[in-house]
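**Student:** There's a structure below that I have some questions on.
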Amino acid sequence: MILFVACSLFTLSAAERPDILVADFEGSDYGNWKVTGTAFGTGPARGTLPNQMPVDGFLGKGLVNSYLGGDGSTGTLVSTSFPLERRYLRFLIGGGKQPGKTCVNLLIDGQVVRTATGPNDRPGGREHLDWEQWDVSEFAGRAAVLELVDLATGGWGHLNVDHILLTDQRLAGLRTNVTREIVLHQRYLNLPVKNGAPKRWLTVRVGDQLKRDFEIELADGAPDWWAFLDLAPFQGRTAVVQVDQLREDSAGLEAIESASAIGGAAELYREKLRPQFHFTARRGWNNDPNGLVYYRGEYHLFFQHNPYGWNWGNMHWGHAVSRDLVHWEELGEALYPDALGTMFSGSAVVDVANTTGRARGSEKPIVCIYTAAGGTSRESSQQPFTQCVAYSTDRGRTWTADERNPVLPHIVGGNRDPKVIWYAPQKKWVMALYLDRNDFALFASKDLRNWQRLSNVIIPGTSECPEFFEIAAEGARRNTRWIFYGGNGRYLVGRFDGTTFTPESGPHSLNFGNCFYASQTYNQLPDAGRRVLVGWGQISFPGMPFNQMMDFPVDLTLRTTGQGLRLFANPVPEVEALHRRTQRLKTTTMGPGDHPLAGLRGELFDLTVEISPQNAPEVGLEVRGVTLSYDAQKQELSCLGKKGPLPLREGRIRLRLLVDRGSIEIFGNDGQLYMPMGVILKDDPQTLSLFSRGGTARLEAGRVHELKSAWSAR
């Protein structure tokens, strides 16, 4: 009361009066707000809800999110009465654009005097919250109520709201379609990015042609990092850069610069959290590996890439090459979004027989087969997913989309992610394609353009990103089998006659870690019996100008076990190029409190140990503060909440670990267990140790290789 009286004795200017927080939705419930229906739940959401696209733009950890139960749920959330003691009422809002049905209403004396909706009113869109502000000065001192409404049940039938406050500070207005001419004196345009800033559409025109069109979290002030556009083909010309919306006080457009080097190039591959022998993009987000193919001494790695943001979006195909699967050179974007959509996942082949007629001289065409994800890069998606091709006749350095695209029209659902192989017995191309739910299908073509449906395949417990290949089967009659699996690696073992895949066993689990998805194997390796797999390593790198990584390449083999034929995974032997110092471990008996390896320190390791648990119920390793524990009774290995089966072999287990800055990849019993674990390892401790609990165990043998960085030569 004293504070209230004291404040009332002084006249504060609008610039001096502090903001009044109405609600930040950081609690476990809504407090005095009244809830009806089911859409809003009993308290604020903690970000994205199940089956919802990623939600961003809110502050803190909580927000109002009426997607609970999906778009079919409805309800309202109503505040208690509060006085309007500042000139403006400001809040973050996203979700559906359905006036009267998905909206925020300001009520005075029971009448709606202001209302606002989210921005989305058609398929596509994004779950981003942006600021809305009302001038409420005409109602100064009057009591008001806020009503959050979700009465819609169809698409975009939900509302997102956060951080409601009263303020005297005017929200900077927005300028629309702001342009700037930039003479392209240098190769790159560097673009300032602020993670979490409102997404803007940025276009680049050279002459009368649109060359680039994408979303970007353009920094209004100091950037978190710099994205870049490689505009080498247009050097010396003038580009017109346009941003669809900019705050009045934004410096984002003016900060874009033409430069000879990527912004932050001095730190490229030297960043604090940069994995040292796992592939990561120079800048931006990466996910699925795409188009793994070998041609003339180069392993090609394409990948889902957002070059202009730290999170998923703007799907391009990034492109890198390697001569040894360890050292990678990023070439830049191979495929850009076009009128058929953004570039979703797919595969690549070398058209050795020139079935496409695209060969030029001695160069065989490399052909990418990919999903165009509907609509254009700027429009909401109205078109269905279709399958397309692009080709290169200069060893993958430049790419041309086929004029007949799409080569396979929409079939059903979100059909996508074509994996194409050459089926030599019938001299045809075979495509495995995801259809819907856990349904897949096989197609055939003679020229990669005209496709005929062959048969269907169902894989329980998985979806999207199919992989399909033949592999030698150790000890099996007719000694080959075919493997068919989906995004999470749940695989079937069977046979293929050129038309129908017939499962014999499965589904089985290929991996047991937390850092594996959407893997793909290489087509057309020089060793026809070799099958190299690369997975998407799902691990975030906060504060870095890049995000996510690829798992380290592994060799797959199909071996006979007590349960039948199973895939084994081991690191490709090319990792030995990174071995720096090696220490052999002596045979040692260890009891509780003993810690063999104590004193071994370092950052990057390739470690192998063979352990006999003997009478110890638990043995394991401490790796730079992360515990790997083996339960000898259950014959199960666990790490960071994940568990995988690892049977004793003649009373022993064999573990191999690849340790990088953002991962520990675990291989048990020579690849019988594959367990890639994503974890940001701490700077301290940088130690390794073994342990035995509850009994005595024995280290039978071991070897530790310190590793050097794959980027160190750069």
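Residue numbering restarts at 1 in every chain; chains get A, B, ... in the order shown in the structure tokens, and ligands count up from 1 in that same order.
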Please extract the residues of region 161-256 of chain A with a backbone DSSP assignment of helix (DSSP H, G or I) and present them as a PyMOL selection string.
**Tutor:** chain A and resi 232-234+252-255
**Student:** For those residues, write N, CA, C and O atoms to a file as a short mmCIF file (atom, residue, chain, number, x, y, z; two decimals), in the first residue's frame.
**Tutor:**
data_model
loop_
_atom_site.label_atom_id
_atom_site.label_comp_id
_atom_site.auth_asym_id
_atom_site.auth_seq_id
_atom_site.Cartn_x
_atom_site.Cartn_y
_atom_site.Cartn_z
N ALA A 232 28.32 -17.14 -56.94
CA ALA A 232 29.45 -17.06 -57.86
C ALA A 232 29.04 -16.88 -59.32
O ALA A 232 29.67 -16.10 -60.05
N PRO A 233 27.97 -17.57 -59.79
CA PRO A 233 27.60 -17.40 -61.21
C PRO A 233 27.15 -15.98 -61.57
O PRO A 233 27.08 -15.64 -62.75
N PHE A 234 26.85 -15.16 -60.55
CA PHE A 234 26.29 -13.83 -60.82
C PHE A 234 27.24 -12.71 -60.42
O PHE A 234 26.82 -11.54 -60.35
N GLY A 252 18.69 -5.36 -40.37
CA GLY A 252 18.96 -6.64 -40.99
C GLY A 252 19.29 -6.58 -42.47
O GLY A 252 20.25 -7.21 -42.93
N LEU A 253 18.52 -5.80 -43.23
CA LEU A 253 18.76 -5.73 -44.67
C LEU A 253 20.07 -5.02 -44.97
O LEU A 253 20.84 -5.43 -45.85
N GLU A 254 20.33 -3.95 -44.25
CA GLU A 254 21.56 -3.19 -44.49
C GLU A 254 22.80 -3.98 -44.09
O GLU A 254 23.90 -3.74 -44.60
N ALA A 255 22.64 -4.93 -43.17
CA ALA A 255 23.80 -5.70 -42.70
C ALA A 255 24.23 -6.77 -43.69
O ALA A 255 25.34 -7.30 -43.58
#
**Student:** Please identify all polymer residues within 9 Å of Phe40 (chain A), counting only C-alpha atoms, omitting same-chain residues fewer than 3 positions from it, and present them as a list in words.
**Tutor:**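 Surrounding residues, per the criterion: Val35, Thr36, Gly37, Gly43, Pro44, Ala45, Val64, Asn65, Ser66, Tyr67, Leu68, Ser73, Thr74, Gly75, Thr76, Leu77 and Asp150 of chain A.
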**Student:** Quick check for you: according to DSSP on this backbone, which residues of region 258-422 of chain A are classed as strand (DSSP E or B)? Reply as number ranges by chain.
**Tutor:** A: 258-259, 284-295, 298-306, 316-322, 328-335, 338, 341, 343-350, 360, 363, 366-372, 386-392, 400-401, 408, 416-422
**Student:** What's around Pro18 (chain A) at 8 Å? Count only C-alpha atoms, leave out sequence neighbours fewer than 2 positions away in its own chain, and write the answer as a ChimeraX atom specification.
**Tutor:** /A:16,20,167
**Student:** Save out the residues we just selected, all heavy atoms, as a CSV table (one decimal), in the first residue's frame.
**Tutor:**
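out13.csv, freshly written:
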chain,number,residue,atom,x,y,z
A,16,GLU,N,9.2,6.1,-18.8
A,16,GLU,CA,9.7,5.7,-17.5
A,16,GLU,C,8.9,4.6,-16.8
A,16,GLU,O,9.4,3.9,-16.0
A,16,GLU,CB,9.9,6.9,-16.6
A,16,GLU,CG,10.9,7.9,-17.1
A,16,GLU,CD,10.9,9.2,-16.2
A,16,GLU,OE1,9.8,9.5,-15.7
A,16,GLU,OE2,11.9,9.8,-16.1
A,20,ILE,N,3.9,-3.9,-17.3
A,20,ILE,CA,3.2,-4.8,-16.3
A,20,ILE,C,2.9,-6.1,-17.0
A,20,ILE,O,2.3,-6.2,-18.0
A,20,ILE,CB,1.8,-4.1,-16.0
A,20,ILE,CG1,2.0,-2.8,-15.3
A,20,ILE,CG2,1.0,-5.0,-15.1
A,20,ILE,CD1,0.7,-2.0,-15.1
A,167,THR,N,2.2,-2.1,-21.7
A,167,THR,CA,3.4,-1.3,-21.8
A,167,THR,C,3.1,0.0,-22.4
A,167,THR,O,2.0,0.2,-23.1
A,167,THR,CB,4.4,-2.1,-22.8
A,167,THR,OG1,5.6,-1.3,-23.0
A,167,THR,CG2,3.8,-2.3,-24.1
**Student:** Against region 651-658 of chain A, which residues of region 532-564 of chain A fall within 12 Å? For each one I want the closest pair of atoms and the distance in Å (one decimal), counting only C-alpha atoms, rows by chain and increasing residue number, as CSV.
**Tutor:**
residue,atom,partner,partner_atom,distance
A:Asp551,CA,A:Leu658,CA,10.5
A:Phe552,CA,A:Leu658,CA,8.7
A:Pro553,CA,A:Leu658,CA,11.4
A:Val554,CA,A:Leu658,CA,11.5
**Student:** Keeping only N, CA and C atoms, write the selected residues as a JSON list (two decimals), in the first residue's frame.
**Tutor:**
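Ended up saving to part-v9.json:
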[["chain", "number", "residue", "atom", "x", "y", "z"],
["A", 551, "ASP", "N", 25.96, -39.62, -38.48],
["A", 551, "ASP", "CA", 26.68, -40.67, -37.77],
["A", 551, "ASP", "C", 27.91, -41.06, -38.57],
["A", 552, "PHE", "N", 28.90, -41.63, -37.88],
["A", 552, "PHE", "CA", 30.09, -42.08, -38.58],
["A", 552, "PHE", "C", 29.73, -43.26, -39.48],
["A", 553, "PRO", "N", 30.27, -43.32, -40.71],
["A", 553, "PRO", "CA", 29.93, -44.42, -41.62],
["A", 553, "PRO", "C", 30.27, -45.79, -41.03],
["A", 554, "VAL", "N", 29.39, -46.75, -41.27],
["A", 554, "VAL", "CA", 29.61, -48.11, -40.77],
["A", 554, "VAL", "C", 29.48, -49.10, -41.92]]
**Student:** Which of these residues is nearest to Met677 (chain A), using only C-alpha atoms: A:Leu628, A:Leu690, A:Val389, A:Leu648?
**Tutor:** A:Leu628
**Student:** Quick one: of A:Val78, A:Leu558, A:Leu510, A:Ala23, who's nearest to Met675 (chain A), counting only C-alpha atoms?
**Tutor:** A:Leu510
**Student:** Do a neighbour search on Phe546 (chain A) at 12 Å with only C-alpha atoms, toss out local chain neighbours closer than 4 positions, and write the hits as JSON, numbers by chain.
**Tutor:** {"A": [193, 195, 224, 225, 226, 227, 264, 268, 269, 270, 271, 272, 273, 274, 275, 279, 280, 281, 282, 283, 284, 285, 286, 287, 305, 306, 307, 308, 309, 310, 311, 312, 539, 540, 541, 542]}
**Student:** Applying 10 Å and only C-alpha atoms, which residues near Val349 (chain A) remain after dropping the ones on its own chain fewer than 4 positions away? List them as an MDAnalysis selection string.
**Tutor:** chainID A and resid 291:295 365:369 391 419:422 429 448 522:524
**Student:** I'd like the neighbourhood of His163 (chain A) as a list in words, where a residue qualifies if any of its atoms comes within 8 Å (using only C-alpha atoms), though same-chain residues fewer than 4 positions away should be ignored.
**Tutor:**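 Those residues are Leu21, Val22, Ala23, Asp24, Phe25, Phe58, Leu59, Leu63, Phe91 and Leu92 of chain A.
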**Student:** Deliver the residues from the most recent selection as a file, using C-alpha atoms, as a PDB file, in the first residue's frame.
**Tutor:**
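Final output, out02.pdb:
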ATOM      1  CA  LEU A  21       3.258  -8.512 -16.937  1.00  0.00           C
ATOM      2  CA  VAL A  22      -0.258  -9.905 -17.256  1.00  0.00           C
ATOM      3  CA  ALA A  23       0.741 -13.532 -17.844  1.00  0.00           C
ATOM      4  CA  ASP A  24       3.890 -15.414 -18.916  1.00  0.00           C
ATOM      5  CA  PHE A  25       2.454 -18.964 -18.669  1.00  0.00           C
ATOM      6  CA  PHE A  58       7.510 -18.181 -27.532  1.00  0.00           C
ATOM      7  CA  LEU A  59       9.473 -16.962 -24.500  1.00  0.00           C
ATOM      8  CA  LEU A  63       2.923 -21.083 -23.557  1.00  0.00           C
ATOM      9  CA  PHE A  91       1.334 -10.471 -26.662  1.00  0.00           C
ATOM     10  CA  LEU A  92       2.785 -13.250 -28.789  1.00  0.00           C
TER      11      LEU A  92
END
**Student:** One decimal, Å: what's the distance from CA of Ala518 (chain A) over to CA of Ser629 (chain A), could you say?
**Tutor:**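 The value is 27.3 Å.
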